[in-house]
Each structure stands twice: as C-alpha cells, then as structure tokens.
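K.L.:
Data file upload-v7.txt (compact mmCIF, C-alpha atoms) is appended below.
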# COMPACT_ATOMS: atom_id res chain seq x y z
CA MET A 13 0.00 0.00 0.00
CA GLY A 14 2.83 2.39 0.86
CA GLU A 15 4.55 1.86 -2.49
CA LEU A 16 1.29 2.40 -4.34
CA LYS A 17 0.61 5.62 -2.45
CA GLU A 18 4.12 6.86 -3.21
CA ALA A 19 3.79 6.05 -6.92
CA ILE A 20 0.49 7.93 -7.19
CA GLY A 21 1.97 10.82 -5.22
CA ASN A 22 4.82 11.08 -7.70
CA ILE A 23 2.33 11.23 -10.56
CA ALA A 24 0.39 13.98 -8.82
CA GLN A 25 3.55 16.04 -8.32
CA THR A 26 4.25 16.12 -12.05
CA GLY A 27 1.17 18.27 -12.55
CA HIS A 28 0.13 16.22 -15.57
CA ALA A 29 -3.56 15.44 -16.00
CA VAL A 30 -4.45 11.78 -15.47
CA ASN A 31 -7.67 10.92 -17.25
CA TYR A 32 -7.48 7.13 -17.09
CA LEU A 33 -6.19 5.14 -14.12
CA LYS A 34 -6.31 1.36 -13.81
CA PHE A 35 -5.45 -0.90 -10.88
CA ARG A 36 -5.41 -4.63 -11.49
CA LYS A 37 -4.52 -7.61 -9.31
CA ASN A 38 -3.47 -5.55 -6.30
CA SER A 39 -4.20 -6.33 -2.65
CA LEU A 40 -5.95 -3.16 -1.57
CA THR A 41 -8.59 -4.89 0.62
CA ILE A 42 -10.04 -1.47 1.50
CA PHE A 43 -10.35 1.36 -0.98
CA PRO A 44 -8.67 4.07 1.14
CA ALA A 45 -9.57 7.75 1.23
CA PHE A 46 -6.01 8.98 0.66
CA LEU A 47 -5.20 6.87 -2.39
CA LEU A 48 -6.17 9.37 -5.07
CA ASP A 49 -5.20 12.64 -3.39
CA GLY A 50 -4.12 15.25 -5.90
CA LEU A 51 -5.45 13.49 -9.00
CA ASP A 52 -8.30 14.64 -11.24
CA VAL A 53 -9.08 11.23 -12.73
CA THR A 54 -12.09 10.89 -15.05
CA HIS A 55 -12.00 7.09 -15.57
CA LEU A 56 -11.01 4.76 -12.73
CA ILE A 57 -10.79 0.97 -12.94
CA ALA A 58 -9.84 -1.33 -10.04
CA HIS A 59 -10.36 -4.97 -11.09
CA HIS A 60 -9.31 -8.09 -9.16
CA CYS A 61 -7.89 -6.06 -6.26
CA ASN A 62 -9.46 -7.98 -3.35
CA ILE A 63 -11.35 -4.85 -2.27
CA SER A 64 -13.90 -5.84 0.37
CA SER A 65 -15.11 -2.40 1.46
CA ILE A 66 -15.03 1.28 0.53
CA GLU A 67 -14.25 3.92 3.13
CA GLU A 68 -17.09 6.41 3.55
CA THR A 69 -14.78 9.33 2.76
CA ALA A 70 -12.91 7.61 -0.08
CA PHE A 71 -14.21 9.94 -2.78
CA ILE A 72 -15.21 13.10 -0.90
CA GLU A 73 -13.73 16.21 -2.55
CA LYS A 74 -11.21 14.09 -4.44
CA LEU A 75 -12.69 12.86 -7.70
CA THR A 76 -15.20 15.52 -8.60
CA PHE A 77 -14.47 14.99 -12.31
CA LEU A 78 -14.81 11.19 -12.29
CA VAL A 79 -17.37 10.03 -14.86
CA SER A 80 -16.69 6.28 -14.90
CA LEU A 81 -15.92 3.95 -11.97
CA HIS A 82 -15.38 0.20 -12.41
CA LEU A 83 -14.80 -1.96 -9.32
CA ASN A 84 -15.46 -5.31 -10.98
CA TYR A 85 -14.29 -8.68 -9.68
CA ASN A 86 -13.55 -7.71 -6.10
CA ASN A 87 -14.87 -9.05 -2.77
CA ILE A 88 -17.34 -6.32 -1.81
CA GLN A 89 -20.24 -7.78 0.18
CA VAL A 90 -21.97 -4.67 1.53
CA LEU A 91 -22.48 -1.24 0.00
CA HIS A 92 -22.50 1.07 3.01
CA TYR A 93 -24.07 4.47 3.56
CA GLY A 94 -22.53 7.16 1.35
CA ALA A 95 -19.94 4.83 -0.18
CA PHE A 96 -19.79 6.96 -3.33
CA ARG A 97 -20.39 10.35 -1.77
CA GLY A 98 -18.57 13.13 -3.56
CA LEU A 99 -18.69 11.63 -7.06
CA ILE A 100 -20.85 14.45 -8.34
CA SER A 101 -19.94 13.94 -12.02
CA LEU A 102 -20.29 10.15 -12.11
CA LEU A 103 -22.17 8.77 -15.13
CA ARG A 104 -21.33 5.05 -15.06
CA LEU A 105 -20.79 2.70 -12.11
CA SER A 106 -19.93 -0.98 -12.47
CA LEU A 107 -19.68 -3.44 -9.57
CA TYR A 108 -19.96 -6.62 -11.63
CA GLY A 109 -18.64 -9.85 -10.18
CA ASN A 110 -18.45 -8.96 -6.49
CA LYS A 111 -20.25 -10.70 -3.60
CA ILE A 112 -22.76 -7.98 -2.79
CA LYS A 113 -25.65 -9.16 -0.62
CA THR A 114 -26.72 -5.93 1.05
CA ILE A 115 -27.17 -2.38 -0.24
CA ASP A 116 -27.76 0.44 2.24
CA PRO A 117 -30.81 2.56 1.33
CA ASN A 118 -28.55 5.65 1.37
CA VAL A 119 -25.58 4.19 -0.48
CA PHE A 120 -25.92 6.79 -3.24
CA HIS A 121 -26.37 9.74 -0.90
CA GLY A 122 -24.29 12.68 -2.15
CA ILE A 123 -23.41 11.09 -5.47
CA GLY A 124 -24.86 13.86 -7.63
CA GLY A 125 -27.65 13.80 -10.17
CA ASN A 126 -25.84 12.52 -13.26
CA LEU A 127 -25.58 8.75 -12.82
CA THR A 128 -27.12 6.99 -15.84
CA ARG A 129 -25.79 3.41 -15.69
CA ILE A 130 -25.32 0.93 -12.85
CA ASN A 131 -24.07 -2.63 -13.30
CA LEU A 132 -24.69 -4.87 -10.27
CA GLY A 133 -24.55 -8.10 -12.24
CA ALA A 134 -23.00 -11.34 -10.94
CA ASN A 135 -23.47 -10.57 -7.25
CA GLN A 136 -25.52 -12.30 -4.54
CA LEU A 137 -28.60 -10.10 -4.29
CA THR A 138 -31.79 -12.01 -3.47
CA SER A 139 -34.24 -9.13 -3.84
CA ILE A 140 -34.61 -5.60 -5.22
CA ASP A 141 -35.06 -2.68 -2.84
CA SER A 142 -36.03 0.39 -4.85
CA SER A 143 -35.20 2.65 -1.90
CA SER A 144 -31.52 1.86 -2.48
CA PHE A 145 -31.68 3.87 -5.70
CA PHE A 146 -33.10 6.94 -4.02
CA ASN A 147 -32.18 10.24 -5.71
CA LEU A 148 -30.99 8.57 -8.93
CA THR A 149 -33.51 10.41 -11.07
CA THR A 150 -31.45 10.21 -14.28
CA LEU A 151 -30.74 6.46 -14.23
CA LYS A 152 -31.29 4.92 -17.67
CA ARG A 153 -29.78 1.44 -17.47
CA LEU A 154 -29.88 -0.92 -14.48
CA GLN A 155 -28.21 -4.32 -14.72
CA LEU A 156 -29.13 -6.89 -12.06
CA HIS A 157 -28.42 -10.03 -14.06
CA GLU A 158 -26.70 -13.12 -12.64
CA ASN A 159 -27.88 -12.56 -9.08
CA ARG A 160 -30.17 -14.68 -6.89
CA ILE A 161 -33.34 -12.62 -7.15
CA THR A 162 -36.32 -14.91 -6.59
CA SER A 163 -39.34 -12.69 -7.15
CA ILE A 164 -40.72 -9.37 -8.33
CA ASP A 165 -44.17 -7.84 -7.88
CA VAL A 166 -46.14 -4.62 -8.15
CA ASN A 167 -44.26 -3.12 -5.18
CA THR A 168 -40.72 -3.96 -6.34
CA PHE A 169 -40.23 -0.71 -8.25
CA LYS A 170 -42.85 1.35 -6.46
CA GLY A 171 -41.36 4.71 -5.52
CA PHE A 172 -38.38 4.11 -7.81
CA SER A 173 -36.73 7.51 -8.31
CA ALA A 174 -35.84 6.78 -11.93
CA SER A 175 -39.35 5.67 -12.89
CA ASP A 176 -39.53 8.26 -15.67
CA SER A 177 -36.00 7.79 -17.00
CA LEU A 178 -35.11 4.07 -16.78
CA ASP A 179 -34.77 2.78 -20.33
CA ALA A 180 -33.25 -0.70 -19.89
CA LEU A 181 -33.61 -3.26 -17.10
CA ASN A 182 -31.64 -6.52 -17.08
CA LEU A 183 -32.96 -9.26 -14.77
CA ALA A 184 -31.56 -12.19 -16.75
CA SER A 185 -30.06 -15.26 -15.07
CA ASN A 186 -31.86 -15.01 -11.74
CA ASN A 187 -34.33 -17.36 -10.03
CA ILE A 188 -37.59 -15.58 -10.86
CA LYS A 189 -40.46 -18.05 -11.26
CA GLU A 190 -43.37 -15.85 -12.29
CA ILE A 191 -44.21 -12.34 -13.49
CA PRO A 192 -47.18 -11.10 -11.44
CA GLU A 193 -49.70 -8.43 -12.33
CA LYS A 194 -48.35 -4.90 -12.93
CA SER A 195 -44.78 -5.88 -12.03
CA PHE A 196 -43.27 -3.01 -14.03
CA GLN A 197 -46.09 -0.49 -13.77
CA SER A 198 -43.88 2.15 -12.14
CA LEU A 199 -41.31 2.09 -14.97
CA SER A 200 -43.26 4.10 -17.51
CA SER A 201 -40.29 4.70 -19.86
CA LEU A 202 -38.94 1.14 -19.94
CA ASN A 203 -37.83 0.26 -23.47
CA SER A 204 -35.79 -2.92 -23.01
CA LEU A 205 -36.47 -5.75 -20.54
CA ALA A 206 -34.28 -8.85 -20.20
CA LEU A 207 -35.81 -11.82 -18.36
CA GLU A 208 -34.06 -14.73 -20.05
CA LYS A 209 -32.47 -17.61 -18.13
CA ASN A 210 -34.77 -17.47 -15.13
CA ARG A 211 -37.28 -20.13 -14.07
CA ILE A 212 -40.38 -18.36 -15.32
CA SER A 213 -43.34 -20.66 -15.88
CA ALA A 214 -46.20 -18.17 -15.49
CA ILE A 215 -46.84 -14.64 -16.73
CA HIS A 216 -49.94 -12.81 -15.51
CA PRO A 217 -52.18 -11.43 -18.31
CA PHE A 218 -51.56 -7.92 -16.94
CA ALA A 219 -47.87 -8.41 -16.12
CA PHE A 220 -46.76 -5.64 -18.48
CA GLN A 221 -49.50 -3.16 -17.68
CA GLY A 222 -48.04 0.32 -17.48
CA ILE A 223 -45.29 -0.21 -20.07
CA GLU A 224 -47.49 -1.05 -23.07
CA ASP A 225 -46.52 2.11 -24.93
CA SER A 226 -42.78 2.05 -24.18
CA LEU A 227 -41.47 -1.54 -24.31
CA GLU A 228 -39.78 -2.48 -27.60
CA TRP A 229 -37.34 -5.26 -26.65
CA LEU A 230 -38.34 -8.24 -24.51
CA THR A 231 -36.32 -11.40 -23.91
CA LEU A 232 -37.97 -14.40 -22.25
CA GLY A 233 -35.70 -17.12 -23.63
CA ASP A 234 -34.45 -20.12 -21.65
CA ASN A 235 -37.31 -20.21 -19.16
CA ILE A 236 -39.92 -22.95 -18.71
CA LEU A 237 -42.94 -21.45 -20.44
CA ASN A 238 -45.26 -24.03 -21.99
CA SER A 239 -47.10 -21.64 -24.27
CA ILE A 240 -46.85 -18.18 -25.78
CA PRO A 241 -48.20 -15.66 -23.23
CA SER A 242 -50.36 -14.03 -25.89
CA TYR A 243 -52.73 -12.14 -23.63
CA ALA A 244 -49.88 -10.53 -21.69
CA LEU A 245 -48.12 -9.50 -24.90
CA GLN A 246 -50.96 -8.36 -27.12
CA ASN A 247 -51.14 -4.82 -25.76
CA LEU A 248 -47.42 -4.10 -26.13
CA THR A 249 -48.02 -1.71 -28.98
CA ARG A 250 -44.37 -0.84 -29.67
CA LEU A 251 -42.81 -4.29 -29.33
CA ARG A 252 -40.15 -4.86 -31.99
CA GLN A 253 -38.33 -7.97 -30.80
CA LEU A 254 -39.58 -10.88 -28.73
CA ASP A 255 -37.27 -13.74 -27.76
CA LEU A 256 -38.94 -16.96 -26.58
CA ARG A 257 -36.30 -19.49 -27.56
CA GLY A 258 -35.29 -22.28 -25.24
CA ASN A 259 -38.67 -22.67 -23.51
CA ASN A 260 -41.01 -25.67 -23.48
CA ILE A 261 -43.20 -24.31 -26.28
CA THR A 262 -44.15 -27.02 -28.76
CA ILE A 263 -47.28 -25.60 -30.40
CA VAL A 264 -48.17 -22.19 -31.74
CA GLU A 265 -51.94 -21.92 -31.69
CA GLU A 266 -53.74 -20.37 -34.64
CA ASN A 267 -54.72 -17.27 -32.65
CA SER A 268 -51.48 -16.89 -30.70
CA PHE A 269 -50.92 -13.43 -32.16
CA LYS A 270 -54.49 -12.38 -32.85
CA ASP A 271 -54.97 -8.64 -32.25
CA PHE A 272 -51.31 -8.45 -31.26
CA GLY A 273 -50.32 -4.79 -31.10
CA LEU A 274 -53.78 -3.74 -32.27
CA LEU A 275 -53.26 -0.07 -31.44
CA LYS A 276 -50.06 0.37 -33.46
CA SER A 277 -49.72 0.69 -37.19
CA PHE A 278 -47.73 -2.30 -38.31
CA LEU A 279 -44.55 -0.59 -39.46
CA PHE A 280 -42.01 -2.80 -37.71
CA ILE A 281 -40.74 -6.33 -38.16
CA LEU A 282 -41.52 -8.61 -35.26
CA HIS A 283 -38.89 -11.27 -34.70
CA ILE A 284 -40.21 -14.34 -32.90
CA LEU A 285 -37.32 -16.59 -31.91
CA PHE A 286 -37.98 -19.90 -30.22
CA ARG A 287 -37.12 -23.57 -30.48
CA LEU A 288 -40.04 -25.76 -31.47
CA ASP A 289 -40.71 -29.40 -32.20
CA LEU A 290 -41.27 -28.69 -35.88
CA ARG A 291 -42.50 -32.20 -36.71
CA GLN A 292 -45.34 -31.85 -34.22
CA LEU A 293 -45.93 -28.20 -35.00
CA MET A 294 -46.13 -28.57 -38.77
CA ASN A 295 -47.74 -32.01 -38.75
CA VAL A 296 -45.30 -33.37 -41.33
CA ASP A 297 -43.36 -36.61 -41.27
CA SER A 298 -39.66 -36.71 -40.41
CA GLU A 299 -38.56 -37.75 -43.90
CA ARG A 300 -40.26 -34.77 -45.52
CA LEU A 301 -38.79 -32.35 -43.00
CA ASP A 302 -35.30 -33.79 -43.37
CA LYS A 303 -35.47 -33.40 -47.15
CA ASN A 304 -36.49 -29.78 -46.88
CA PRO A 305 -35.07 -28.24 -43.69
CA SER A 306 -36.04 -24.78 -44.93
CA HIS A 307 -39.65 -25.59 -43.99
CA SER A 308 -39.01 -24.16 -40.55
CA GLN A 309 -38.07 -20.81 -42.00
CA LEU A 310 -40.92 -20.90 -44.48
CA PHE A 311 -43.37 -21.71 -41.70
CA LEU A 312 -42.29 -18.77 -39.60
CA LYS A 313 -42.42 -16.51 -42.62
CA SER A 314 -45.90 -17.70 -43.47
CA ARG A 315 -46.94 -16.96 -39.91
CA PHE A 316 -45.60 -13.43 -40.25
CA ILE A 317 -47.43 -12.95 -43.52
CA GLU A 318 -50.69 -14.27 -42.10
CA PHE A 319 -50.27 -12.15 -38.99
CA ARG A 320 -49.58 -9.00 -40.96
CA HIS A 321 -52.54 -9.68 -43.23
CA MET A 322 -54.86 -10.18 -40.27
CA LYS A 323 -53.58 -6.98 -38.71
CA THR A 324 -54.10 -4.95 -41.86
CA GLU A 325 -57.66 -6.20 -42.29
CA THR A 326 -58.43 -5.38 -38.66
CA GLU A 327 -57.13 -1.86 -39.11
CA LYS A 328 -59.30 -1.44 -42.20
CA LEU A 329 -62.38 -2.46 -40.22
CA MET A 330 -61.49 -0.04 -37.43
CA THR A 331 -60.91 2.88 -39.78
CA GLY A 332 -63.99 2.14 -41.87
Translate this file's structure into structure tokens.
P.N.:
Amino acid sequence: MGELKEAIGNIAQTGHAVNYLKFRKNSLTIFPAFLLDGLDVTHLIAHHCNISSIEETAFIEKLTFLVSLHLNYNNIQVLHYGAFRGLISLLRLSLYGNKIKTIDPNVFHGIGGNLTRINLGANQLTSIDSSSFFNLTTLKRLQLHENRITSIDVNTFKGFSASDSLDALNLASNNIKEIPEKSFQSLSSLNSLALEKNRISAIHPFAFQGIEDSLEWLTLGDNILNSIPSYALQNLTRLRQLDLRGNNITIVEENSFKDFGLLKSFLFILHILFRLDLRQLMNVDSERLDKNPSHSQLFLKSRFIEFRHMKTETEKLMTG
C-alpha cells in the first residue's frame, strides 16, 4: 500500500492530467480515502484487487471529475451508507462480479444527479429494494443479471426515483419463477427488458400493464414457459423484438398473435425466436422435413405474412 501511495503521489507532483487510471490484481482490501489525493481522474478501474469495502470518505472532494468507476471482480459484500459520496460527475458505475448481498438505502447519498448506468450483475442479491436507488432520477440502465433474485411484484419498483428515465432493465439469469400483475407499472419509460435464463413458468395477463406504450425489446428465452403468453403480450403496442427461444413451447396456436399490437400501425418487423418441435408443429413426417429443412423458416415466414394480413384487415375495419 505504501509503495502504491508513493507512486500515485509522484504522478500527482508532475502536474500532468491523469484521465485514465487502472489498478489490477493488487491487494488493496479497503479502498482508502487517501489513495487518489491530488489526481483529477475521469476514468477509474480497479479490477481483481481484493477490495472488500469502501471507506465512507474515499471519494469526498477528491474525484469531482470522475465520470466512470469500475470496481469489478472484487470481494465487496456490503455497499455502506454514502460509499460513493462526492462523485458528483459520475455517469457510469460498475460493480460486476463482487459478492454484494446488502445495499444500504442511502448508499448513493451525495453522489450527484448525473448517474445513468449501474451494473450490479454477478453478485448475490436475493431481492430488489427500490429505496436503495433513491435520488438517482437520471438512471437509464440498471443491470441486475446473474444474481439470486427470486421474485418481483407490483411493489418492487414502487417509488423508484428513476421511474420516468429508466430505459433498460436486465434481470436475466436469476431465479424468478413468475411475473405477477403490474410488475413493471412504475417504470413508464422502460424500453428494453431482459428476463431470459430465469425459471419463469407463469406470466400474468396484466404483467406488463403500465409499459405497453414504451417496451420495444423483450427477452424471455431459456425459461420454462409451456405456451406463448399471448394475452400478456398483445397490448405491447411498440414491441419490436420478442425472444422466446429455449422454452417448453411445442405448439403455436392459430390465434397466438391475434390482435397483437392492435393499437399500433404495423410498421415494424416482429422477430419471434424460439425452439419448437417442428414435426409436431407442422404435422409433417420426419422424412419430408429432413429433405427440406427450410420448412421451418418458411413456416415462420408464413406466420408473419398471415399475422400481418390479419392486422391490416383489422385496421381497415377499425378505420372504416
């Protein structure tokens, strides 16, 4: 630690601006308050440094110009009160690959109003406490993938400070089993939602109520759905891509996409991606399918054509 402090001190004495500073494979254990004295760093990376905690005063009045902080692959278990206080210019924060289990409700106290991206992926969180993100009114992207989150509900994001700004939410690779009614109702600007690689077997018909006019990208792949959740999806008027691959879906019913996106003019291409038992789905024998493997693509294309035709006719009826 002494040698590291001396080296940084020598850099500070040169008077040269240091925009990018990277620590890797050090044994800091604690991120100390004195470490960056005299430096106006804008991008700081400390990977694989065995950091287990951050001193409350580590960043106060020291890194006021810091816009990007990456503390990936350390041993942080708890984010304490005011851990990032003083980082008034911070835009991006990544804590991927730590062991975080607990986040203090005031962890972002004094961080400033500019933070737009937080990556908390690959930690040990079992639930989401929206109060932990208090004051982050400009947050646009929140990554909570590869944790141990078991459930979400209508109260999960209630009171979320970034309800009007959050654009992308990543909940992939958790242990979520169902999507209850109005789970994302508070996130009125949500555009991209990742839910793949969970254990989802049930989606409430009104699961996406509140984000019908904002959601464009939805991934539900590698879950255990037995059928296409048509009713829950049909009011997502701006949906552009839907990923259902890797589920237990074997049949696409004739009306699976009936009235899908009824309120939106059909100006986008909807990509439906899923693995199916094509022999059962298409009702053709194995020999015929093996001779013409392109049937799977033709089938999906014919579904798109039929769907688009049905949509156009419906619009004509509505408009007279």
K.L.:
Nearest to Asn187 in chain A: which of A:Ser175, A:Asn203, A:Asn235, A:Thr128 is it, counting only C-alpha atoms?
P.N.:
A:Asn235
K.L.:
Any idea what's packed within 7 Å of Lys34 in chain A, counting all atoms listed in the file, ignoring anything in its chain fewer than 3 positions away? Could you give it as a ChimeraX atom specification?
P.N.:
/A:56-58
K.L.:
Using all atoms listed in the file, which protein or nucleic acid residues come within 9 Å of Trp229 in chain A? Drop anything in the same chain fewer than 2 positions from it, and give the result as a PyMOL selection string.
P.N.:
chain A and resi 203-206+227+231+250-255
K.L.:
Can you work out the spacing between CA of Leu40 in chain A and CA of Asn159 in chain A in Å, to one decimal?
P.N.:
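Here the two named atoms are 25.0 Å from each other.
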K.L.:
How far is it from CA of Gly233 in chain A to CA of Val264 in chain A, in Å with one decimal?
P.N.:
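Taking CA of Gly233 in chain A and CA of Val264 in chain A, their separation equals 15.7 Å.
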K.L.:
May I ask which of the residues A:Leu48, A:Val90, A:Ala134, A:Leu232 is the closest one to Ile212 in chain A, counting all atoms listed in the file?
P.N.:
A:Leu232
